[in-house]
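Enquirer: Below is one structure. I have some questions about it.
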Amino acid sequence: MSEKNRSTTSTTVNQVNKPLIAWAPDRHGRADVSRVWERTPGDPLPEFLVEELSVALTTEYPSDAHLVTYIVSGAVTPGRQPRIKKTDTSLAQLRARGCDVQHYVLVSDVDLPQHKGGRITSADIEDAKAKLASLSTIGWFTSRAGLRILQPLTRPISPEHYEHAIGLWLPQLQGVLGDSWVVDPKCKDWTRYFRLPFVIRDGVQTRPTTHMDLSRMKPVDPCAPPAPRPPRAVEDRPRPTLTSDRPRIVERARRYVSQIEHPQCGTGSCDAAVWNVSVHLRGFGLDEDDALELLTEWALGLGANCEHRRPERLRRKVEDASRASTVEAGFHLGDDSPARVETRDEGPGFSVSELGEEEEIAALLSGPSGTRSKADDDSGDEDDTGGKKGGLTSIIGRLRFFRILTGRVFTLISGEAVPIDSERYIEWISAAALRTLKSVVTRDKIKNATTAVVGPRNRLPLGDAPIRYAYDPKDLTIWIDLADPQGRTVHVTPNGSKVCAKGECPIAWYRPDGTAPMPVPVIPASDEECQAQWAEFWGYQQKEDETERVASFAWLMTAARPMVQPQTGTLTRYPVGAMTGEQGAGKTSAMEILRTIVDRREPASVKLPRQEKIDDMTIHAEQVAVLAYDNASHLSAEHSDHLCRIATGAGDVKRSLYCDRDLAVFRGSRPVIINGITDIVTRDDLLDRSVLIRQTRPKVRKLDSVLAREWSRIYPRVLGALVYCMAISLAGAEETIVDPAIRMLEAAQWAAASEQAAGFAEGAVSRCYMATRQHATDMAAEDTFVEALLEIVPRGSSVTDTGAGILRRILETWENEHPKTKAPAEWPRTPRGLRAALDRRKSAIESLGLTISYATGQRTEASNSAKTITLSRAKPGLYLAVDNTRTPVEIASELFESV
């Protein structure tokens, strides 16, 4: 029924036999809690009208009506209530006036992953129906981009009980709906608004597009209320109160904070230093006005232009410190120095990698203290934190440090390798110092203490901090880091693969920011199952062309290898995946899927660095397992050279920050994949290191939500097929024979060893790599400069001349054929440029039958240069184009017949 035709008699709160809600014409009601118990005759009625849940859900409203789940009892206007904000004072005022707040129903918003700008479809609705069928007591209806799920209760509950109950209910909904839906965690707020199903939204009635199912909705008993919090232990120290001791306490606090040194402005330490002083002032139990006065006095020591001297910033720090729960107010009142937990230099006595991060902090701070001598305690010596010995340096001294070949120093935290120059290390040490020292230490002090503890880097043991893939140092098997919360890994051996629990892997993984967890792979048991799982992937990507499948498989296999080779320590050579395709072919999605199979991280792809920022590629290669560059229009010569170095092993050296002579060293090789519409890889040296992946337009377009659900289903199976092929390649790569003309020989061997297990014919990977060489030959044949070279050398003849002479012949030939057009600007203009152009294209030019040779002779009167270039061209009957579809025996037989 419509809201106009419905009786205006509101439901009273006393009707507790049916679940109730309160609704308003919009979500902009005025929040005035006093309107619950007082109202003058001239005041308007409160906006919210109490209504039965079933009636409110079936009513058609002439406005954008919203509901709230809280019902106020004891209001002066029965059946009406104002908006209530979620503040402790509002709820306390209501209860003090004899009113109460109750909830009769749990409500949750469920969104699609692409909630912003997305619309729910019929396929999404069917998916929701199938998944929600297991919940027999709920009701639901659709919104514009998701669902709204309701669970009535048999009896009303308090706001505290409501947030406890819905906090248990929301994870259950998420488990039922899976990854294709996102349960909004903000629904835990007991004052949250929810839009009703049949309203006017953006001027349009939502009834025609709303789907609803209330047939199974029935009340259930709420869960047990949360256990009351135990009262905090009251210590013997005096509590912060305004007494006659106030002047003395303020003076003590002034003397204390005056000893805290001021950081150097511009180093990023001012914010932490101001917070540190605010925490110490809280330790003296001062009110906010006194604390602000002392903090302002201390801040005068900062730079004149420092933004942290502003009064509003200082007041905000004082307010934040007064609300902080990590440090108890008044902890300085019992002693002139902060209460500290003395720690010893001995280790905790167990493997740190077996603990979680919180447990590890506690373990480092709980060393035995009974053996410490009183002389040490009373020595009065101070460390860099301003306290007695056994403070920050003792915490850092419990960690184990090691260095990698580039000199970067790592430590182990929760079994992971963490660089000491990273934000995570600073945050971890700060948390440990706050717990044991009851104060906030600055970044500079952490760095200084770490430098003192670590000492010279060259004395640290040499180790490795791999990302995602690593060789086992003992048996040369491969470990894969899934980076999931359970710490699971995959162990790949020549005899098979298995998923291992946390603690079984001997590798300390480095997980930079952006590293995302990978699913547990479904490893096939036979070649047939492996081929079936690959077939699912090819079907998902709609790849019908065999060459496209082979190219994708070849890049995936070679990308899933550790960077550092065992025993030798050399860097692995990776091919560059060059993906091209027409506009709308889905290149970005296809490239990100390939990258996610090997290394899942966010973002899945980035833009190609600009010319002036090209060195960032080397730094990027040190932080990720795969480099993925999206929508590249073209590659400059510098970009091509840099990609070649990253593919086969690159290093870079820069001056370290804040020093004149120290160097920062970067080293690594990584698999690269890059996409673009045109042939972005054009230079021969990069083509020799590349695998060309052609992406054709899919025949059937699918919604992103459908693709996401399909990918979440097949991702573990595709990863399992890849792991299965890795085990086969690990066992037989060295015995696999591929064409020796392939530049990336080891990469081709690795992929070819398992090509038949993946369902490809023998030699498919070799033909894929050789197709890249043929592509280079075809591009050379279309080059105007190469065409001009072929024209000046007839078949079956040769030309010997200096570089200047050959360049002159080429230009004369062009002018004769194109009298009104200048030679292309990219042509060489000097003899040195000619030799460079010939060397760069030499392999492709010789594939066209033109041989290039250099010689040094005697200077002549005609030429001052002694260097000559000889261009020789084979006879017509002896030239054969490269054909990857025939075997070498067939090519040799044809060559013999032509002779």
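By order in the structure tokens, chains are A, B, ...; within a chain, residues start at 1; ligands start at 1, following the order shown.
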Just list the residues in stretch 81-155 of chain A DSSP gives strand (DSSP E or B) on the backbone, as a VMD selection string.

Expert: chain A and resid 81 83 100 to 111 139 to 142 146 to 155

Enquirer: When you count only C-alpha atoms, which of these residues is closest to A:Ile806: A:Arg767, A:Arg254, A:Arg840, A:Lys867?

Expert: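 Nearest to A:Ile806: A:Lys867.
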
Enquirer: Extract, using only C-alpha atoms, all DNA, RNA and protein residues at most 6 Å from stretch 133-137 of chain A, discarding same-chain residues fewer than 3 positions from it, and format them as a ChimeraX atom specification.

Expert: /A:130,216-218

Enquirer: Please build the interface table for stretch 446-524 of chain A against stretch 702-714 of chain A with a cut-off of 10 Å, listing for each qualifying residue the nearest atom pair and the distance in Å to one decimal; count only C-alpha atoms, order rows by chain and increasing number, and write it as JSON lines.

Expert:
{"residue": "A:Pro519", "atom": "CA", "partner": "A:Ser712", "partner_atom": "CA", "distance": 9.1}
{"residue": "A:Pro521", "atom": "CA", "partner": "A:Ile714", "partner_atom": "CA", "distance": 9.9}
{"residue": "A:Val522", "atom": "CA", "partner": "A:Ile714", "partner_atom": "CA", "distance": 9.4}

Enquirer: Distance atom CA of A:Pro247-atom CA of A:Pro263, one decimal place?

Expert: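 Straight-line distance from atom CA of A:Pro247 to atom CA of A:Pro263 works out to 28.4 Å.
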
Enquirer: Please list as a list in words every residue within 10 Å of A:Thr596, counting only C-alpha atoms and excluding residues in the same chain fewer than 5 positions away.

Expert: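 Contacts, with the query itself left out: Ala516, Met518, Ala590, Met591, Arg601, Glu602, Ala604, Ser605, Val626, Tyr715 and Leu719 of chain A.
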
Enquirer: Could those selected residues go to a file with C-alpha atoms, as a PDB file, in the first residue's frame?

Expert:
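Saved file out.pdb follows:
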ATOM      1  CA  ALA A 516      48.684  -9.300  -1.833  1.00  0.00           C
ATOM      2  CA  MET A 518      47.632 -15.599  -3.318  1.00  0.00           C
ATOM      3  CA  ALA A 590      44.697  -9.859 -19.847  1.00  0.00           C
ATOM      4  CA  MET A 591      48.073  -8.473 -18.791  1.00  0.00           C
ATOM      5  CA  ARG A 601      49.875  -7.270  -5.766  1.00  0.00           C
ATOM      6  CA  GLU A 602      48.174  -3.900  -5.803  1.00  0.00           C
ATOM      7  CA  ALA A 604      48.442  -4.867 -10.715  1.00  0.00           C
ATOM      8  CA  SER A 605      50.004  -2.538 -13.305  1.00  0.00           C
ATOM      9  CA  VAL A 626      57.063  -8.710 -11.761  1.00  0.00           C
ATOM     10  CA  TYR A 715      42.471 -18.682  -9.885  1.00  0.00           C
ATOM     11  CA  LEU A 719      47.987 -21.393 -10.065  1.00  0.00           C
TER      12      LEU A 719
END

Enquirer: So how far away is atom CA of A:Pro562 from atom CA of A:Tyr469, in Å?

Expert: 4.7 Å

Enquirer: For A:His634, list every protein, DNA or RNA residue within 9 Å, evaluated using only C-alpha atoms, and leave out those in the same chain fewer than 4 positions away; present the list as a list in words.

Expert: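 Answer for this query is Gly676, Thr678, Asp679, Ile680 and Val681 of chain A.
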
Enquirer: Emit the selected residues as a short mmCIF file (atom, residue, chain, number, x, y, z; two decimals), in the first residue's frame, including C-alpha atoms.

Expert:
data_model
loop_
_atom_site.label_atom_id
_atom_site.label_comp_id
_atom_site.auth_asym_id
_atom_site.auth_seq_id
_atom_site.Cartn_x
_atom_site.Cartn_y
_atom_site.Cartn_z
CA GLY A 676 50.27 -1.29 -26.17
CA THR A 678 51.07 -0.87 -31.80
CA ASP A 679 54.33 -2.81 -31.97
CA ILE A 680 55.97 -1.14 -29.01
CA VAL A 681 59.10 -3.33 -29.05
#

Enquirer: Set the distance at 7 Å and use only C-alpha atoms: which residues neighbour A:Val576 once local chain neighbours fewer than 4 positions away are removed? I'd like the list as number ranges by chain.

Expert: A: 647, 671-673, 689-691
